[in-house]
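S.K.: Next up is a structure, given as structure tokens.
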Amino acid sequence: MMKTPKVFISEVKAAVEEVTVDDLMVALTQPDVILIDVRESEEYQHGHINGSVNFPRGMLEAKICSHPLLAHHCEEQDAINDLAQRSVYLICKTGGRSALAAKSLTDMGHKYVFSVAGGMDEWQRKQLPLSH
């Protein structure tokens with residue numbers, strides 16, 4: 001049976017760990033946290049969370065090891081091993097793409113992956129700080 005996108009994303013959200021924007025604010029006080037904004041670059045340029053890195057959803061799996069916090073590694077496997085020890089928070093506009101991205105990274109073997117429920121819409125609704 002075919003699923004609607006809404007049903008599919010609901011199922012994916014149930015399979016990943018979602019956190020609130022308040023949880024994200026607390027997490028961002030930790031030095032080894034990685035925040036990846038999976039929106040398209042045009043969306044990111046209109047406002048993003050300070051310290052986030054923009055890897056659009058379609059390129060996430062290929063680019064994850066090139067995150068600036070992992071740049072000191074010469075070998076991809078070393079970057080993957082380092083990444084496996086870090087908490088990775090994913091954010092998009094509303095929480096759908098970040099949930100899909102979290103599922104994908106979890107399927108790749110990452111253990112500490114979190115999707116931000118409500119995404120940037122919720123971040124902005126709470127009037128939290130943005131960078132441009």
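Each chain in the structure tokens gets a letter, A, B and so on, in the order shown; residues start at 1 in every chain, and ligands are counted from 1 in the order they appear.
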Tell me, counting only C-alpha atoms, for each residue of region 39-128 of chain A within 12 Å of region 1-16 of chain A, which pair of atoms is nearest and how far apart they are in Å to one decimal, in rows ordered by chain and increasing number, as a Markdown table.
M.R.:
```
| residue | atom | partner | partner_atom | distance |
| --- | --- | --- | --- | --- |
| A:Tyr89 | CA | A:Val16 | CA | 11.6 |
| A:Leu90 | CA | A:Val16 | CA | 11.3 |
| A:Thr94 | CA | A:Ile9 | CA | 11.5 |
| A:Gly95 | CA | A:Lys13 | CA | 8.7 |
| A:Gly96 | CA | A:Ile9 | CA | 6.3 |
| A:Arg97 | CA | A:Ile9 | CA | 8.5 |
| A:Ser98 | CA | A:Lys13 | CA | 9.2 |
| A:Ala99 | CA | A:Lys13 | CA | 5.6 |
| A:Leu100 | CA | A:Val12 | CA | 6.5 |
| A:Ala101 | CA | A:Val16 | CA | 9.7 |
| A:Ala102 | CA | A:Val16 | CA | 6.5 |
| A:Lys103 | CA | A:Val16 | CA | 6.0 |
| A:Ser104 | CA | A:Val16 | CA | 9.7 |
| A:Leu105 | CA | A:Val16 | CA | 10.1 |
| A:Thr106 | CA | A:Val16 | CA | 8.0 |
| A:Asp107 | CA | A:Val16 | CA | 10.3 |
| A:His110 | CA | A:Val16 | CA | 11.6 |
| A:Lys111 | CA | A:Val16 | CA | 10.6 |
| A:Tyr112 | CA | A:Val16 | CA | 10.3 |
| A:Val113 | CA | A:Val16 | CA | 8.0 |
| A:Phe114 | CA | A:Val16 | CA | 7.2 |
| A:Ser115 | CA | A:Val16 | CA | 7.3 |
| A:Val116 | CA | A:Lys13 | CA | 10.4 |
| A:Ala117 | CA | A:Lys13 | CA | 9.1 |
| A:Gly118 | CA | A:Lys13 | CA | 11.6 |
```
S.K.: Considering only C-alpha atoms, return as a PyMOL selection string whatever protein or nucleic-acid residues lie within 8 Å of region 33-37 of chain A, sequence-local ones (same chain, fewer than 5 positions apart) excluded.
M.R.: chain A and resi 27-28+44+48+51-56+69+86-92
S.K.: For the residues in that selection, give me all heavy atoms as a compact mmCIF listing (two decimals), in the first residue's frame.
M.R.:
```txt
# COMPACT_ATOMS: atom_id res chain seq x y z
N ALA A 27 21.87 21.89 24.56
CA ALA A 27 22.93 21.09 23.92
C ALA A 27 24.01 21.97 23.31
O ALA A 27 25.20 21.61 23.34
CB ALA A 27 22.31 20.19 22.85
N LEU A 28 23.62 23.10 22.78
CA LEU A 28 24.60 23.98 22.12
C LEU A 28 25.60 24.60 23.08
O LEU A 28 26.59 25.20 22.64
CB LEU A 28 23.87 25.08 21.32
CG LEU A 28 23.13 24.58 20.09
CD1 LEU A 28 22.35 25.71 19.44
CD2 LEU A 28 24.08 23.92 19.09
N TYR A 44 18.90 28.65 4.23
CA TYR A 44 19.92 28.86 5.25
C TYR A 44 20.40 30.31 5.25
O TYR A 44 20.58 30.91 6.31
CB TYR A 44 21.10 27.90 4.99
CG TYR A 44 22.19 27.93 6.01
CD1 TYR A 44 22.07 27.25 7.21
CD2 TYR A 44 23.39 28.62 5.76
CE1 TYR A 44 23.10 27.25 8.15
CE2 TYR A 44 24.42 28.62 6.69
CZ TYR A 44 24.27 27.93 7.88
OH TYR A 44 25.29 27.94 8.81
N HIS A 48 19.86 31.49 10.09
CA HIS A 48 20.23 30.19 10.64
C HIS A 48 20.75 30.36 12.06
O HIS A 48 20.96 31.47 12.53
CB HIS A 48 21.28 29.51 9.75
CG HIS A 48 22.51 30.36 9.55
ND1 HIS A 48 22.61 31.28 8.53
CD2 HIS A 48 23.66 30.45 10.25
CE1 HIS A 48 23.78 31.89 8.60
NE2 HIS A 48 24.43 31.40 9.65
N GLY A 51 26.67 28.86 14.51
CA GLY A 51 27.42 27.63 14.74
C GLY A 51 26.94 26.45 13.93
O GLY A 51 27.58 25.40 13.90
N SER A 52 25.79 26.60 13.27
CA SER A 52 25.30 25.49 12.44
C SER A 52 26.09 25.45 11.14
O SER A 52 26.65 26.44 10.69
CB SER A 52 23.81 25.65 12.14
OG SER A 52 23.57 26.80 11.35
N VAL A 53 26.12 24.26 10.54
CA VAL A 53 26.73 24.06 9.24
C VAL A 53 25.62 23.61 8.31
O VAL A 53 24.78 22.80 8.68
CB VAL A 53 27.87 23.00 9.31
CG1 VAL A 53 28.39 22.66 7.94
CG2 VAL A 53 28.99 23.51 10.21
N ASN A 54 25.62 24.16 7.09
CA ASN A 54 24.58 23.84 6.14
C ASN A 54 25.01 22.71 5.21
O ASN A 54 25.90 22.88 4.39
CB ASN A 54 24.23 25.10 5.32
CG ASN A 54 23.12 24.88 4.32
OD1 ASN A 54 23.20 25.33 3.19
ND2 ASN A 54 22.06 24.22 4.72
N PHE A 55 24.40 21.54 5.40
CA PHE A 55 24.52 20.42 4.48
C PHE A 55 23.11 20.08 4.05
O PHE A 55 22.38 19.42 4.79
CB PHE A 55 25.15 19.18 5.15
CG PHE A 55 26.60 19.31 5.52
CD1 PHE A 55 27.11 18.60 6.59
CD2 PHE A 55 27.47 20.12 4.81
CE1 PHE A 55 28.45 18.68 6.95
CE2 PHE A 55 28.81 20.22 5.15
CZ PHE A 55 29.31 19.49 6.23
N PRO A 56 22.68 20.57 2.88
CA PRO A 56 21.31 20.27 2.44
C PRO A 56 21.02 18.77 2.48
O PRO A 56 21.91 17.94 2.28
CB PRO A 56 21.26 20.81 1.01
CG PRO A 56 22.28 21.91 1.01
CD PRO A 56 23.38 21.41 1.92
N LEU A 69 34.30 20.57 12.27
CA LEU A 69 34.84 20.02 13.53
C LEU A 69 35.61 18.72 13.31
O LEU A 69 36.31 18.26 14.20
CB LEU A 69 33.71 19.78 14.54
CG LEU A 69 33.08 21.03 15.15
CD1 LEU A 69 31.95 20.65 16.09
CD2 LEU A 69 34.12 21.86 15.88
N ARG A 86 30.20 11.94 18.88
CA ARG A 86 29.59 13.26 19.07
C ARG A 86 28.08 13.21 18.93
O ARG A 86 27.54 12.35 18.24
CB ARG A 86 30.15 14.24 18.04
CG ARG A 86 31.64 14.48 18.15
CD ARG A 86 32.11 15.34 17.00
NE ARG A 86 33.55 15.50 16.99
CZ ARG A 86 34.18 16.58 17.43
NH1 ARG A 86 33.50 17.58 17.93
NH2 ARG A 86 35.49 16.65 17.37
N SER A 87 27.43 14.16 19.56
CA SER A 87 25.99 14.33 19.38
C SER A 87 25.76 15.18 18.15
O SER A 87 26.36 16.25 18.01
CB SER A 87 25.37 15.01 20.60
OG SER A 87 25.47 14.18 21.72
N VAL A 88 24.90 14.69 17.26
CA VAL A 88 24.59 15.40 16.02
C VAL A 88 23.13 15.81 16.07
O VAL A 88 22.24 14.97 16.19
CB VAL A 88 24.84 14.51 14.78
CG1 VAL A 88 24.45 15.25 13.51
CG2 VAL A 88 26.29 14.04 14.73
N TYR A 89 22.89 17.12 16.00
CA TYR A 89 21.54 17.67 15.97
C TYR A 89 21.26 18.14 14.56
O TYR A 89 22.11 18.78 13.94
CB TYR A 89 21.41 18.83 16.97
CG TYR A 89 21.43 18.35 18.40
CD1 TYR A 89 22.63 18.03 19.03
CD2 TYR A 89 20.25 18.21 19.12
CE1 TYR A 89 22.65 17.57 20.33
CE2 TYR A 89 20.25 17.75 20.43
CZ TYR A 89 21.47 17.43 21.02
OH TYR A 89 21.47 16.98 22.31
N LEU A 90 20.08 17.80 14.07
CA LEU A 90 19.68 18.15 12.72
C LEU A 90 18.45 19.04 12.78
O LEU A 90 17.52 18.76 13.53
CB LEU A 90 19.37 16.88 11.92
CG LEU A 90 20.53 15.88 11.84
CD1 LEU A 90 20.04 14.50 11.49
CD2 LEU A 90 21.56 16.36 10.84
N ILE A 91 18.46 20.10 11.97
CA ILE A 91 17.32 21.01 11.95
C ILE A 91 16.98 21.36 10.51
O ILE A 91 17.86 21.41 9.64
CB ILE A 91 17.62 22.28 12.80
CG1 ILE A 91 16.33 23.05 13.08
CG2 ILE A 91 18.70 23.15 12.16
CD1 ILE A 91 16.45 24.05 14.21
N CYS A 92 15.69 21.57 10.26
CA CYS A 92 15.21 22.02 8.95
C CYS A 92 14.15 23.08 9.21
O CYS A 92 14.17 23.74 10.25
CB CYS A 92 14.68 20.84 8.13
SG CYS A 92 13.21 20.05 8.83
```
S.K.: Please measure the separation of CA of Ser131 (chain A) and CA of Pro31 (chain A), giving the value in Å to one decimal.
M.R.: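 Calculated distance between CA of Ser131 (chain A) and CA of Pro31 (chain A) is 19.0 Å.
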S.K.: DSSP on the backbone: what in region 4-114 of chain A comes out strand (DSSP E or B), as a list of chain:residue names?
M.R.: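 Residues meeting the strand (DSSP E or B) criterion: A:Glu17, A:Glu18, A:Val19, A:Ile34, A:Leu35, A:Ile36, A:Asp37, A:His48, A:Val53, A:Asn54, A:Val88, A:Tyr89, A:Leu90, A:Ile91, A:Val113, A:Phe114.
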S.K.: Can you spit out the residues from that selection as a PDB file, in the first residue's frame, using N, CA and C atoms?
M.R.:
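Okay, selection-v3.pdb is ready:
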```
ATOM      1  N   GLU A  17      14.956   9.976  17.381  1.00  0.00           N
ATOM      2  CA  GLU A  17      14.806  10.740  18.617  1.00  0.00           C
ATOM      3  C   GLU A  17      14.641  12.220  18.281  1.00  0.00           C
ATOM      4  N   GLU A  18      13.498  12.764  18.684  1.00  0.00           N
ATOM      5  CA  GLU A  18      13.236  14.184  18.474  1.00  0.00           C
ATOM      6  C   GLU A  18      13.485  14.941  19.770  1.00  0.00           C
ATOM      7  N   VAL A  19      13.975  16.171  19.623  1.00  0.00           N
ATOM      8  CA  VAL A  19      14.196  17.045  20.767  1.00  0.00           C
ATOM      9  C   VAL A  19      13.524  18.387  20.476  1.00  0.00           C
ATOM     10  N   ILE A  34      27.453  18.858  17.347  1.00  0.00           N
ATOM     11  CA  ILE A  34      27.403  19.238  15.937  1.00  0.00           C
ATOM     12  C   ILE A  34      25.964  19.575  15.594  1.00  0.00           C
ATOM     13  N   LEU A  35      25.757  20.750  15.009  1.00  0.00           N
ATOM     14  CA  LEU A  35      24.435  21.163  14.539  1.00  0.00           C
ATOM     15  C   LEU A  35      24.492  21.316  13.036  1.00  0.00           C
ATOM     16  N   ILE A  36      23.680  20.536  12.355  1.00  0.00           N
ATOM     17  CA  ILE A  36      23.624  20.582  10.899  1.00  0.00           C
ATOM     18  C   ILE A  36      22.235  21.039  10.476  1.00  0.00           C
ATOM     19  N   ASP A  37      22.214  22.077   9.658  1.00  0.00           N
ATOM     20  CA  ASP A  37      20.985  22.606   9.082  1.00  0.00           C
ATOM     21  C   ASP A  37      20.829  21.946   7.719  1.00  0.00           C
ATOM     22  N   HIS A  48      19.858  31.491  10.095  1.00  0.00           N
ATOM     23  CA  HIS A  48      20.233  30.185  10.641  1.00  0.00           C
ATOM     24  C   HIS A  48      20.753  30.360  12.063  1.00  0.00           C
ATOM     25  N   VAL A  53      26.122  24.263  10.542  1.00  0.00           N
ATOM     26  CA  VAL A  53      26.733  24.062   9.237  1.00  0.00           C
ATOM     27  C   VAL A  53      25.624  23.614   8.305  1.00  0.00           C
ATOM     28  N   ASN A  54      25.618  24.160   7.094  1.00  0.00           N
ATOM     29  CA  ASN A  54      24.577  23.843   6.135  1.00  0.00           C
ATOM     30  C   ASN A  54      25.008  22.714   5.209  1.00  0.00           C
ATOM     31  N   VAL A  88      24.900  14.686  17.257  1.00  0.00           N
ATOM     32  CA  VAL A  88      24.587  15.400  16.021  1.00  0.00           C
ATOM     33  C   VAL A  88      23.126  15.813  16.072  1.00  0.00           C
ATOM     34  N   TYR A  89      22.895  17.118  16.002  1.00  0.00           N
ATOM     35  CA  TYR A  89      21.541  17.667  15.970  1.00  0.00           C
ATOM     36  C   TYR A  89      21.262  18.140  14.565  1.00  0.00           C
ATOM     37  N   LEU A  90      20.081  17.797  14.074  1.00  0.00           N
ATOM     38  CA  LEU A  90      19.679  18.150  12.722  1.00  0.00           C
ATOM     39  C   LEU A  90      18.453  19.036  12.778  1.00  0.00           C
ATOM     40  N   ILE A  91      18.458  20.096  11.967  1.00  0.00           N
ATOM     41  CA  ILE A  91      17.322  21.013  11.946  1.00  0.00           C
ATOM     42  C   ILE A  91      16.982  21.360  10.507  1.00  0.00           C
ATOM     43  N   VAL A 113      22.087  10.848  17.397  1.00  0.00           N
ATOM     44  CA  VAL A 113      21.493  11.698  16.356  1.00  0.00           C
ATOM     45  C   VAL A 113      20.122  12.164  16.823  1.00  0.00           C
ATOM     46  N   PHE A 114      19.877  13.468  16.692  1.00  0.00           N
ATOM     47  CA  PHE A 114      18.630  14.055  17.168  1.00  0.00           C
ATOM     48  C   PHE A 114      18.041  14.979  16.113  1.00  0.00           C
TER      49      PHE A 114
END
```
